[in-house]
$ cat protein-v4.csv   # CSV, C-alpha atoms
chain,number,residue,atom,x,y,z
A,1,MET,CA,19.9,-25.9,17.8
A,2,ALA,CA,18.9,-23.1,15.5
A,3,ARG,CA,15.3,-23.6,16.4
A,4,ALA,CA,16.1,-23.7,20.1
A,5,LEU,CA,17.9,-20.4,19.8
A,6,GLU,CA,14.9,-18.9,17.9
A,7,LEU,CA,12.6,-20.0,20.7
A,8,ALA,CA,14.9,-18.5,23.3
A,9,ARG,CA,15.0,-15.1,21.4
A,10,SER,CA,11.2,-15.1,21.3
A,11,ALA,CA,11.1,-15.2,25.1
A,12,LEU,CA,13.6,-12.4,25.8
A,13,GLY,CA,12.1,-9.9,28.1
A,14,THR,CA,9.6,-12.2,29.7
A,15,THR,CA,11.7,-14.6,31.8
A,16,SER,CA,13.9,-12.4,34.0
A,17,PRO,CA,15.6,-12.9,36.2
A,18,ASN,CA,15.8,-16.4,34.7
A,19,PRO,CA,17.7,-16.9,31.4
A,20,SER,CA,15.8,-17.1,28.1
A,21,VAL,CA,15.9,-20.7,27.0
A,22,GLY,CA,14.5,-22.7,24.0
A,23,ALA,CA,14.3,-26.5,23.9
A,24,VAL,CA,13.6,-28.8,21.0
A,25,ILE,CA,13.1,-32.6,21.2
A,26,VAL,CA,13.9,-34.6,18.1
A,27,ARG,CA,13.2,-38.3,17.5
A,28,ALA,CA,13.9,-40.1,14.3
A,29,GLY,CA,14.6,-36.9,12.5
A,30,ARG,CA,11.3,-35.3,13.5
A,31,ILE,CA,10.5,-32.6,16.1
A,32,VAL,CA,8.2,-34.1,18.7
A,33,GLY,CA,8.2,-31.3,21.3
A,34,GLU,CA,9.5,-27.8,21.8
A,35,GLY,CA,9.1,-24.9,24.2
A,36,ALA,CA,10.5,-21.7,25.6
A,37,THR,CA,11.0,-20.6,29.2
A,38,ARG,CA,7.9,-19.1,30.7
A,39,PRO,CA,7.9,-16.2,33.2
A,40,ALA,CA,9.8,-16.6,36.4
A,41,GLY,CA,8.1,-19.2,38.7
A,42,GLN,CA,6.6,-21.1,35.8
A,43,GLU,CA,7.9,-24.0,33.7
A,44,HIS,CA,11.3,-24.0,32.1
A,45,ALA,CA,11.7,-24.7,28.4
A,46,GLU,CA,12.8,-28.3,28.8
A,47,VAL,CA,9.7,-29.1,30.9
A,48,VAL,CA,7.4,-27.4,28.3
A,49,ALA,CA,9.0,-29.4,25.5
A,50,LEU,CA,8.9,-32.7,27.5
A,51,LYS,CA,5.2,-32.3,28.2
A,52,GLN,CA,4.5,-31.7,24.5
A,53,ALA,CA,6.5,-34.7,23.5
A,54,GLY,CA,5.0,-37.1,26.0
A,55,GLU,CA,6.1,-40.7,25.5
A,56,ALA,CA,7.9,-39.7,22.2
A,57,ALA,CA,10.6,-38.2,24.4
A,58,ARG,CA,11.9,-41.7,25.4
A,59,GLY,CA,15.1,-42.3,23.4
A,60,ALA,CA,15.0,-38.9,21.8
A,61,THR,CA,17.6,-36.1,21.6
A,62,LEU,CA,17.0,-32.8,23.4
A,63,TYR,CA,18.5,-29.6,21.9
A,64,VAL,CA,18.7,-26.6,24.3
A,65,ASN,CA,20.6,-23.3,24.2
A,66,LEU,CA,21.7,-23.4,27.9
A,67,GLU,CA,22.8,-26.2,30.2
A,68,PRO,CA,19.8,-27.7,32.0
A,69,CYS,CA,19.5,-26.5,35.6
A,70,SER,CA,20.2,-29.1,38.3
A,71,HIS,CA,19.0,-27.2,41.4
A,72,GLN,CA,15.7,-26.5,43.1
A,73,GLY,CA,14.7,-22.9,42.6
A,74,ARG,CA,11.3,-21.5,42.0
A,75,THR,CA,10.7,-24.7,40.0
A,76,GLY,CA,12.3,-28.2,40.2
A,77,PRO,CA,15.5,-29.2,38.5
A,78,CYS,CA,15.2,-29.7,34.7
A,79,THR,CA,17.8,-32.5,34.8
A,80,GLN,CA,15.6,-34.8,36.8
A,81,ALA,CA,12.7,-34.2,34.5
A,82,ILE,CA,14.9,-35.0,31.5
A,83,ILE,CA,16.1,-38.2,33.2
A,84,ASN,CA,12.6,-39.3,34.2
A,85,ALA,CA,11.4,-38.7,30.6
A,86,GLY,CA,14.0,-41.2,29.2
A,87,ILE,CA,15.9,-38.7,27.0
A,88,ALA,CA,18.9,-40.5,25.4
A,89,GLU,CA,21.0,-37.5,24.4
A,90,VAL,CA,21.2,-33.8,25.4
A,91,ARG,CA,22.9,-31.2,23.2
A,92,PHE,CA,23.3,-27.8,24.9
A,93,ALA,CA,25.1,-24.7,23.4
A,94,LEU,CA,26.3,-22.8,26.5
A,95,ALA,CA,27.3,-23.9,30.0
A,96,ASP,CA,25.2,-22.2,32.6
A,97,PRO,CA,27.3,-19.6,34.5
A,98,ASN,CA,25.0,-19.8,37.5
A,99,PRO,CA,27.2,-21.0,40.4
A,100,LEU,CA,24.3,-23.3,41.4
A,101,VAL,CA,24.6,-25.1,38.0
A,102,ASP,CA,27.9,-24.5,36.1
A,103,GLY,CA,28.7,-28.0,35.1
A,104,LYS,CA,26.5,-29.8,37.7
A,105,GLY,CA,23.7,-30.2,35.1
A,106,ARG,CA,25.9,-32.0,32.7
A,107,ARG,CA,27.4,-34.2,35.4
A,108,GLN,CA,23.9,-35.3,36.6
A,109,LEU,CA,22.8,-36.2,33.1
A,110,GLU,CA,26.0,-38.1,32.3
A,111,ALA,CA,25.7,-40.0,35.7
A,112,ALA,CA,22.2,-41.1,34.6
A,113,GLY,CA,23.7,-42.5,31.4
A,114,ILE,CA,22.6,-39.7,29.1
A,115,ARG,CA,25.0,-38.7,26.3
A,116,VAL,CA,25.8,-35.0,26.5
A,117,VAL,CA,27.3,-32.8,23.8
A,118,ALA,CA,28.1,-29.1,24.6
A,119,GLY,CA,29.3,-26.1,22.6
A,120,GLU,CA,27.2,-26.1,19.4
A,121,GLN,CA,26.5,-22.5,18.4
A,122,GLN,CA,27.9,-21.3,21.7
A,123,GLU,CA,28.6,-17.8,20.5
A,124,GLU,CA,25.0,-17.2,19.4
A,125,ALA,CA,23.8,-18.7,22.7
A,126,ALA,CA,26.0,-16.4,24.7
A,127,ALA,CA,24.6,-13.4,22.9
A,128,VAL,CA,21.0,-14.4,23.6
A,129,ASN,CA,21.6,-14.5,27.4
A,130,GLU,CA,24.3,-11.8,27.8
A,131,GLY,CA,22.2,-10.0,30.3
A,132,PHE,CA,21.6,-13.0,32.4
A,133,CYS,CA,25.2,-14.1,32.2
A,134,LYS,CA,26.5,-10.8,33.6
A,135,TRP,CA,23.8,-10.5,36.3
A,136,ILE,CA,24.1,-14.0,37.6
A,137,THR,CA,27.9,-13.7,38.1
A,138,THR,CA,28.1,-10.0,39.2
A,139,ARG,CA,24.5,-9.1,40.3
A,140,LEU,CA,24.9,-6.1,38.0
A,141,PRO,CA,22.7,-5.5,34.9
A,142,PHE,CA,24.0,-5.7,31.4
A,143,VAL,CA,23.9,-2.1,30.1
A,144,THR,CA,23.1,-1.4,26.5
A,145,ALA,CA,23.3,2.2,25.2
A,146,LYS,CA,21.1,3.0,22.2
A,147,ALA,CA,20.9,6.2,20.2
A,148,ALA,CA,19.6,7.4,16.8
A,149,VAL,CA,21.9,10.0,15.2
A,150,SER,CA,22.4,11.9,12.0
A,151,LEU,CA,25.4,11.1,9.7
A,152,ASP,CA,27.3,14.0,11.5
A,153,GLY,CA,26.6,12.5,14.9
A,154,LYS,CA,23.8,14.7,16.1
A,155,LEU,CA,21.0,13.6,18.4
A,156,ALA,CA,18.8,16.6,17.5
A,157,THR,CA,18.9,19.9,15.7
A,158,ARG,CA,20.2,23.1,17.4
A,159,THR,CA,16.6,23.9,18.4
A,160,GLY,CA,16.2,20.5,20.0
A,161,ASP,CA,14.0,18.9,17.3
A,162,SER,CA,14.6,15.1,17.1
A,163,ARG,CA,11.4,13.7,15.6
A,164,TRP,CA,12.2,11.7,13.7
A,165,ILE,CA,15.9,11.2,12.9
A,166,SER,CA,15.5,7.5,12.3
A,167,GLY,CA,13.1,5.9,9.9
A,168,GLU,CA,10.1,3.7,10.5
A,169,ALA,CA,12.0,0.4,10.3
A,170,ALA,CA,14.5,1.6,12.9
A,171,ARG,CA,11.8,2.8,15.2
A,172,ALA,CA,10.0,-0.6,15.0
A,173,TRP,CA,13.3,-2.3,15.8
A,174,ALA,CA,13.8,0.0,18.8
A,175,HIS,CA,10.4,-1.0,20.2
A,176,ARG,CA,11.4,-4.7,19.9
A,177,LEU,CA,14.6,-3.9,21.7
A,178,ARG,CA,12.7,-2.3,24.5
A,179,ALA,CA,10.4,-5.3,24.8
A,180,ALA,CA,13.4,-7.5,25.2
A,181,SER,CA,14.9,-5.4,28.0
A,182,ASP,CA,14.1,-5.5,31.7
A,183,ALA,CA,14.4,-1.7,32.0
A,184,VAL,CA,14.5,1.4,29.8
A,185,LEU,CA,16.5,4.3,31.3
A,186,VAL,CA,16.6,8.0,30.3
A,187,GLY,CA,17.6,11.3,31.9
A,188,VAL,CA,15.1,13.8,33.1
A,189,GLY,CA,16.2,16.2,30.3
A,190,THR,CA,14.8,13.8,27.8
A,191,VAL,CA,11.5,13.6,29.6
A,192,LEU,CA,11.3,17.4,29.8
A,193,ALA,CA,12.2,17.9,26.2
A,194,ASP,CA,10.4,15.1,24.4
A,195,ASP,CA,7.7,13.8,26.9
A,196,PRO,CA,8.3,10.2,25.8
A,197,GLN,CA,6.1,7.3,26.6
A,198,LEU,CA,9.1,4.9,27.1
A,199,ASN,CA,7.0,1.8,26.6
A,200,ALA,CA,7.4,-1.0,24.1
A,201,ARG,CA,5.1,-1.0,21.1
A,202,PRO,CA,6.8,-3.7,18.9
A,203,ALA,CA,3.8,-4.2,16.6
A,204,GLY,CA,2.1,-0.9,16.9
A,205,GLU,CA,0.4,-1.8,20.2
A,206,ALA,CA,1.7,-2.0,23.7
A,207,ALA,CA,3.5,-5.3,24.5
A,208,ALA,CA,1.9,-7.6,27.0
A,209,ARG,CA,4.8,-7.1,29.4
A,210,GLN,CA,6.4,-3.7,29.7
A,211,PRO,CA,10.0,-2.9,30.9
A,212,LEU,CA,10.6,-0.9,34.0
A,213,ARG,CA,10.9,2.8,33.0
A,214,VAL,CA,13.8,4.5,34.9
A,215,VAL,CA,14.2,8.3,34.9
A,216,VAL,CA,17.5,9.6,36.3
A,217,ASP,CA,16.2,12.7,37.9
A,218,SER,CA,18.6,14.1,40.6
A,219,HIS,CA,16.1,16.7,42.0
A,220,GLY,CA,12.7,15.2,41.2
A,221,ARG,CA,11.8,17.5,38.2
A,222,THR,CA,9.7,14.9,36.3
A,223,PRO,CA,6.3,16.5,35.7
A,224,PRO,CA,3.3,14.6,37.3
A,225,GLY,CA,1.5,15.1,34.0
A,226,ALA,CA,4.2,13.5,31.8
A,227,ARG,CA,3.0,10.9,29.3
A,228,LEU,CA,5.1,8.1,30.8
A,229,TRP,CA,2.6,8.0,33.7
A,230,GLN,CA,-0.2,7.2,31.4
A,231,GLU,CA,1.3,3.9,30.2
A,232,LYS,CA,1.2,0.5,31.8
A,233,GLY,CA,4.1,-0.7,33.8
A,234,ALA,CA,6.3,0.6,36.6
A,235,VAL,CA,8.2,3.8,36.8
A,236,LEU,CA,11.3,4.4,39.0
A,237,ILE,CA,12.6,7.9,39.7
A,238,ALA,CA,16.3,7.8,40.6
A,239,ALA,CA,17.2,10.8,42.7
A,240,ALA,CA,20.5,12.1,44.0
A,241,GLY,CA,19.7,11.8,47.7
A,242,PRO,CA,16.6,12.8,49.6
A,243,LEU,CA,14.1,14.8,47.6
A,244,ASP,CA,12.0,17.7,48.8
A,245,PRO,CA,9.1,16.0,50.6
A,246,ALA,CA,6.5,17.8,48.4
A,247,ARG,CA,8.2,16.7,45.2
A,248,ARG,CA,8.5,13.1,46.5
A,249,GLN,CA,4.9,13.0,47.4
A,250,ALA,CA,3.9,14.4,44.0
A,251,LEU,CA,5.9,11.7,42.2
A,252,THR,CA,4.6,8.8,44.3
A,253,ALA,CA,1.0,10.2,43.9
A,254,ALA,CA,1.6,10.0,40.1
A,255,GLY,CA,2.5,6.3,40.5
A,256,ALA,CA,6.3,6.4,40.8
A,257,GLN,CA,8.7,4.3,42.8
A,258,VAL,CA,11.3,6.7,44.2
A,259,TRP,CA,14.9,5.6,44.8
A,260,GLU,CA,16.8,8.3,46.8
A,261,GLY,CA,20.3,7.2,46.1
A,262,THR,CA,23.7,8.8,46.5
A,263,SER,CA,25.1,11.6,44.4
A,264,GLY,CA,28.4,11.5,42.6
A,265,PRO,CA,31.1,14.2,42.6
A,266,ASP,CA,29.1,16.3,40.2
A,267,GLY,CA,26.0,16.3,42.5
A,268,ARG,CA,24.1,14.1,40.1
A,269,VAL,CA,22.9,10.5,40.6
A,270,ASP,CA,25.6,8.1,41.3
A,271,LEU,CA,25.1,5.8,38.2
A,272,ALA,CA,27.2,3.0,39.5
A,273,ALA,CA,25.1,2.9,42.7
A,274,LEU,CA,22.0,3.0,40.5
A,275,CYS,CA,23.2,0.0,38.6
A,276,ARG,CA,23.8,-1.9,41.8
A,277,GLU,CA,20.3,-1.0,43.0
A,278,LEU,CA,18.8,-2.2,39.7
A,279,GLY,CA,20.7,-5.5,40.0
A,280,ARG,CA,19.4,-5.9,43.5
A,281,ARG,CA,15.9,-5.5,42.1
A,282,GLU,CA,16.7,-8.4,39.7
A,283,VAL,CA,16.9,-6.2,36.6
A,284,THR,CA,19.3,-8.1,34.4
A,285,SER,CA,19.3,-5.8,31.3
A,286,VAL,CA,19.1,-2.0,31.0
A,287,LEU,CA,18.6,-0.1,27.8
A,288,VAL,CA,19.9,3.5,28.1
A,289,GLU,CA,18.3,5.8,25.6
A,290,GLY,CA,19.8,9.1,26.6
A,291,GLY,CA,20.1,12.0,26.2
A,292,SER,CA,23.6,13.1,25.4
A,293,THR,CA,24.6,14.0,29.0
A,294,LEU,CA,23.4,10.8,30.5
A,295,LEU,CA,25.1,8.7,27.7
A,296,GLY,CA,28.3,10.6,28.3
A,297,SER,CA,28.2,9.8,32.0
A,298,PHE,CA,27.7,6.1,31.4
A,299,PHE,CA,30.6,6.0,28.9
A,300,ASP,CA,32.8,8.1,31.2
A,301,LEU,CA,32.2,5.7,34.0
A,302,LEU,CA,32.8,2.6,31.8
A,303,LEU,CA,29.4,1.3,32.6
A,304,VAL,CA,28.3,0.5,29.0
A,305,ASP,CA,28.5,-3.2,27.9
A,306,LYS,CA,27.1,-2.8,24.4
A,307,LEU,CA,26.2,0.0,22.0
A,308,HIS,CA,23.5,0.3,19.3
A,309,ALA,CA,24.0,3.3,17.1
A,310,VAL,CA,21.3,4.0,14.4
A,311,ILE,CA,22.8,6.3,11.8
A,312,ALA,CA,20.4,8.1,9.5
A,313,PRO,CA,21.4,9.6,6.2
A,314,LEU,CA,20.9,13.2,7.4
A,315,ILE,CA,23.2,16.2,7.9
A,316,LEU,CA,22.0,18.4,10.8
A,317,GLY,CA,25.1,20.6,11.5
A,318,GLY,CA,25.2,23.2,14.2
A,319,LEU,CA,27.7,23.8,16.9
A,320,GLN,CA,24.9,23.9,19.5
A,321,ALA,CA,23.2,20.7,18.3
A,322,PRO,CA,23.7,17.8,20.8
A,323,THR,CA,26.0,15.0,19.9
A,324,MET,CA,25.4,11.4,20.8
A,325,VAL,CA,27.8,11.2,23.7
A,326,GLY,CA,28.4,14.2,25.9
A,327,GLY,CA,30.1,14.0,29.3
A,328,ARG,CA,33.8,14.5,30.0
A,329,GLY,CA,35.1,12.5,27.1
A,330,VAL,CA,38.8,11.7,26.6
A,331,GLY,CA,41.8,13.9,26.1
A,332,ARG,CA,43.7,11.6,23.7
A,333,ILE,CA,42.8,9.2,20.9
A,334,ALA,CA,44.7,6.5,22.7
A,335,GLU,CA,42.2,6.8,25.6
A,336,ALA,CA,39.2,6.3,23.4
A,337,LEU,CA,36.7,3.5,23.9
A,338,ARG,CA,37.0,1.3,20.9
A,339,LEU,CA,34.2,-1.1,19.7
A,340,HIS,CA,35.0,-4.7,19.0
A,341,ARG,CA,32.8,-7.6,17.8
A,342,MET,CA,31.2,-5.0,15.5
A,343,ARG,CA,28.5,-5.6,13.0
A,344,ALA,CA,26.5,-3.4,10.6
A,345,GLU,CA,23.1,-3.9,9.2
A,346,ALA,CA,20.4,-1.9,7.3
A,347,LEU,CA,17.2,-0.8,8.9
A,348,GLY,CA,15.3,0.7,6.0
A,349,ASP,CA,17.4,3.7,4.9
A,350,ASP,CA,19.3,3.8,8.2
A,351,ILE,CA,22.4,1.8,9.3
A,352,LEU,CA,22.6,0.1,12.6
A,353,ILE,CA,26.1,-0.2,14.1
A,354,THR,CA,26.4,-2.6,17.0
A,355,GLY,CA,29.5,-3.2,19.1
A,356,TYR,CA,31.0,-3.8,22.5
A,357,PRO,CA,33.1,-1.0,24.0
A,358,LYS,CA,36.6,-2.0,24.9
A,359,GLY,CA,38.6,0.5,26.9
$ encode --input "protein-v4.csv" --output "structure tokens"
Amino acid sequence: MARALELARSALGTTSPNPSVGAVIVRAGRIVGEGATRPAGQEHAEVVALKQAGEAARGATLYVNLEPCSHQGRTGPCTQAIINAGIAEVRFALADPNPLVDGKGRRQLEAAGIRVVAGEQQEEAAAVNEGFCKWITTRLPFVTAKAAVSLDGKLATRTGDSRWISGEAARAWAHRLRAASDAVLVGVGTVLADDPQLNARPAGEAAARQPLRVVVDSHGRTPPGARLWQEKGAVLIAAAGPLDPARRQALTAAGAQVWEGTSGPDGRVDLAALCRELGRREVTSVLVEGGSTLLGSFFDLLLVDKLHAVIAPLILGGLQAPTMVGGRGVGRIAEALRLHRMRAEALGDDILITGYPKG
């Protein structure tokens, strides 16, 4: 199962809106076939592994991190392929929350005389597909907030300098995180201040598949000459209602998709409506990278599912230096969002704190 989970993690960011699945076939204590889910519309992990195993699959055990699908979608049901191959036992970690599956896969396999064992390393399997699990049940993307801050909680100095707060190891990790996400989202203030590329460069070069780059830009201020236009992949400008026609034309000419959404009470983009729109576009996971105002709005609206905070051993100081989370905030400690299921790990000289907000 550990190998199946490893294969599933390796496919993150390439399978959406399908889940990321790894499958391993074992016969007589030896791996005879393995595979990971391919991009949507192509073969699922189980089918890849079965083809690799061939006749060795007969009487073997299949390990898979998610319950095999039992319905006809872009591809045929994996349960039927497993039955046809003569697999004797299936061990899956997590039941598929997709209403089209959700237990039906297990029942079909058992009805065919295949022994089924569920629940092994279930928690790890749920973490791998947390984006898919939320989207398939709510049609909303799983929102992860990520920021690199100094030890005193600053995103940048009082003059706006932020390169680089985090070290090389943390930056490499951040690119892997981008590559595993369906979309990377920032505010227009970040684009104007930092002119970021917003692409994934996990090994020093652009990944084969790039996440959708989303800029929350209420009034269409993103410059047509910004660096993000020079990178491969799609760009979505999220505006607060209809833009000035000239600005809209300039953005589309630069290569943007423009979503003219609704505005919230503050006249800015309605972020909850934007999340619904992204879910409609089959975006299952969104990585919000800031800045401070945008992160604050996401936290104020309780839209954040997970937080990654990279803390660097630096002291920046300054009353005017931006903190990680702006926005309205809370009035009392009792109202604070607290993190649970927390973990800490080293990224070079930096510390990565990961947790799930619980309000």
$ atom_distance --input "protein-v4.csv" --atom1 "CA of Ala238 in chain A" --atom2 "CA of Gly189 in chain A"
13.3 Å
$ atom_distance --input "protein-v4.csv" --atom1 "CA of Arg268 in chain A" --atom2 "CA of Thr293 in chain A"
11.1 Å
$ atom_distance --input "protein-v4.csv" --atom1 "CA of Arg27 in chain A" --atom2 "CA of Ala49 in chain A"
12.7 Å
$ residues_around --input "protein-v4.csv" --residues "range 51-66 of chain A" --least-positions-apart "4" --cutoff "7 Å" --atoms "only C-alpha atoms" --output "MDAnalysis selection string"
chainID A and resid 1 4:5 21:27 32:34 47 85:96 125
$ write_last_selection --input "protein-v4.csv" --atoms "C-alpha atoms" --output "PDB file, keeping the file's coordinate frame"
ATOM      1  CA  MET A   1      19.900 -25.900  17.800  1.00  0.00           C
ATOM      2  CA  ALA A   4      16.100 -23.700  20.100  1.00  0.00           C
ATOM      3  CA  LEU A   5      17.900 -20.400  19.800  1.00  0.00           C
ATOM      4  CA  VAL A  21      15.900 -20.700  27.000  1.00  0.00           C
ATOM      5  CA  GLY A  22      14.500 -22.700  24.000  1.00  0.00           C
ATOM      6  CA  ALA A  23      14.300 -26.500  23.900  1.00  0.00           C
ATOM      7  CA  VAL A  24      13.600 -28.800  21.000  1.00  0.00           C
ATOM      8  CA  ILE A  25      13.100 -32.600  21.200  1.00  0.00           C
ATOM      9  CA  VAL A  26      13.900 -34.600  18.100  1.00  0.00           C
ATOM     10  CA  ARG A  27      13.200 -38.300  17.500  1.00  0.00           C
ATOM     11  CA  VAL A  32       8.200 -34.100  18.700  1.00  0.00           C
ATOM     12  CA  GLY A  33       8.200 -31.300  21.300  1.00  0.00           C
ATOM     13  CA  GLU A  34       9.500 -27.800  21.800  1.00  0.00           C
ATOM     14  CA  VAL A  47       9.700 -29.100  30.900  1.00  0.00           C
ATOM     15  CA  ALA A  85      11.400 -38.700  30.600  1.00  0.00           C
ATOM     16  CA  GLY A  86      14.000 -41.200  29.200  1.00  0.00           C
ATOM     17  CA  ILE A  87      15.900 -38.700  27.000  1.00  0.00           C
ATOM     18  CA  ALA A  88      18.900 -40.500  25.400  1.00  0.00           C
ATOM     19  CA  GLU A  89      21.000 -37.500  24.400  1.00  0.00           C
ATOM     20  CA  VAL A  90      21.200 -33.800  25.400  1.00  0.00           C
ATOM     21  CA  ARG A  91      22.900 -31.200  23.200  1.00  0.00           C
ATOM     22  CA  PHE A  92      23.300 -27.800  24.900  1.00  0.00           C
ATOM     23  CA  ALA A  93      25.100 -24.700  23.400  1.00  0.00           C
ATOM     24  CA  LEU A  94      26.300 -22.800  26.500  1.00  0.00           C
ATOM     25  CA  ALA A  95      27.300 -23.900  30.000  1.00  0.00           C
ATOM     26  CA  ASP A  96      25.200 -22.200  32.600  1.00  0.00           C
ATOM     27  CA  ALA A 125      23.800 -18.700  22.700  1.00  0.00           C
TER      28      ALA A 125
END
$ residues_around --input "protein-v4.csv" --residues "Ile83 in chain A" --least-positions-apart "5" --cutoff "10 Å" --atoms "all atoms listed in the file" --output "ChimeraX atom specification"
/A:58,78,88,108-110,112-114
$ closest_residue --input "protein-v4.csv" --among "A:Glu289, A:Thr284, A:Ile333, A:His219" --to "Trp259 in chain A" --atoms "only C-alpha atoms"
A:His219
$ closest_residue --input "protein-v4.csv" --among "A:Thr222, A:Gln230, A:Gln122, A:Thr323" --to "Leu251 in chain A" --atoms "all atoms listed in the file"
A:Thr222
$ residues_near_point --input "protein-v4.csv" --point "(14.8, 10.1, 30.8)" --cutoff "10 Å" --atoms "all atoms listed in the file" --output "PyMOL selection string"
chain A and resi 184-196+198+213-217+222+228+237+288-291+294
$ closest_residue --input "protein-v4.csv" --among "A:Val101, A:Leu212, A:Ala170, A:Val143" --to "Pro357 in chain A" --atoms "only C-alpha atoms"
A:Val143
$ closest_residue --input "protein-v4.csv" --among "A:Leu236, A:Ala145, A:Ala174, A:Ile315" --to "Phe298 in chain A" --atoms "only C-alpha atoms"
A:Ala145
$ residues_near_point --input "protein-v4.csv" --point "(29.6, 6.5, 45.1)" --cutoff "12 Å" --atoms "only C-alpha atoms" --output "PyMOL selection string"
chain A and resi 240-241+261-276+301
$ closest_residue --input "protein-v4.csv" --among "A:Thr79, A:Glu335, A:Asp161, A:Ala45" --to "Ala111 in chain A" --atoms "only C-alpha atoms"
A:Thr79
$ residues_around --input "protein-v4.csv" --residues "Gly296 in chain A" --least-positions-apart "6" --cutoff "10 Å" --atoms "only C-alpha atoms" --output "list in words"
Gly290, Leu302, Thr323, Met324, Val325, Gly326, Gly327, Arg328 and Gly329 of chain A
$ residues_around --input "protein-v4.csv" --residues "Trp229 in chain A" --least-positions-apart "3" --cutoff "8 Å" --atoms "only C-alpha atoms" --output "PyMOL selection string"
chain A and resi 197+224-226+232+235+254-255
$ residues_around --input "protein-v4.csv" --residues "Leu316 in chain A" --least-positions-apart "4" --cutoff "10 Å" --atoms "all atoms listed in the file" --output "list in words"
Val149, Ser150, Leu151, Asp152, Gly153, Lys154, Leu155, Ala156, Thr157, Arg158, Ile165 and Ala321 of chain A
$ build_atoms --input "protein-v4.csv" --residues "range 163-168 of chain A" --atoms "all heavy atoms" --output "compact mmCIF listing (two decimals), in the coordinates of the input"
# COMPACT_ATOMS: atom_id res chain seq x y z
N ARG A 163 12.45 14.57 16.15
CA ARG A 163 11.40 13.70 15.60
C ARG A 163 11.21 13.91 14.13
O ARG A 163 10.72 14.99 13.76
CB ARG A 163 10.12 13.83 16.37
CG ARG A 163 10.22 13.37 17.82
CD ARG A 163 8.87 13.44 18.50
NE ARG A 163 8.96 12.98 19.87
CZ ARG A 163 7.93 12.96 20.73
NH1 ARG A 163 6.74 13.39 20.34
NH2 ARG A 163 8.10 12.52 21.95
N TRP A 164 11.52 12.94 13.28
CA TRP A 164 12.20 11.70 13.70
C TRP A 164 13.51 11.66 12.93
O TRP A 164 13.54 11.83 11.71
CB TRP A 164 11.36 10.49 13.37
CG TRP A 164 10.10 10.40 14.15
CD1 TRP A 164 8.85 10.69 13.71
CD2 TRP A 164 9.95 9.98 15.50
NE1 TRP A 164 7.93 10.47 14.70
CE2 TRP A 164 8.58 10.03 15.82
CE3 TRP A 164 10.86 9.57 16.48
CZ2 TRP A 164 8.10 9.69 17.08
CZ3 TRP A 164 10.37 9.22 17.72
CH2 TRP A 164 9.00 9.27 18.01
N ILE A 165 14.61 11.41 13.62
CA ILE A 165 15.90 11.20 12.90
C ILE A 165 15.91 9.88 12.23
O ILE A 165 16.29 9.79 11.07
CB ILE A 165 17.05 11.35 13.96
CG1 ILE A 165 17.25 12.82 14.35
CG2 ILE A 165 18.34 10.77 13.36
CD1 ILE A 165 18.36 13.03 15.35
N SER A 166 15.52 8.85 12.91
CA SER A 166 15.50 7.50 12.30
C SER A 166 14.21 7.25 11.59
O SER A 166 13.19 7.91 11.83
CB SER A 166 15.75 6.46 13.39
OG SER A 166 14.72 6.52 14.37
N GLY A 167 14.24 6.27 10.69
CA GLY A 167 13.10 5.90 9.90
C GLY A 167 12.16 4.94 10.61
O GLY A 167 12.42 4.48 11.72
N GLU A 168 11.09 4.57 9.92
CA GLU A 168 10.10 3.70 10.50
C GLU A 168 10.62 2.33 10.87
O GLU A 168 10.30 1.78 11.93
CB GLU A 168 8.90 3.58 9.53
CG GLU A 168 7.68 2.92 10.11
CD GLU A 168 6.48 2.97 9.17
OE1 GLU A 168 6.27 4.02 8.55
OE2 GLU A 168 5.79 1.94 9.07
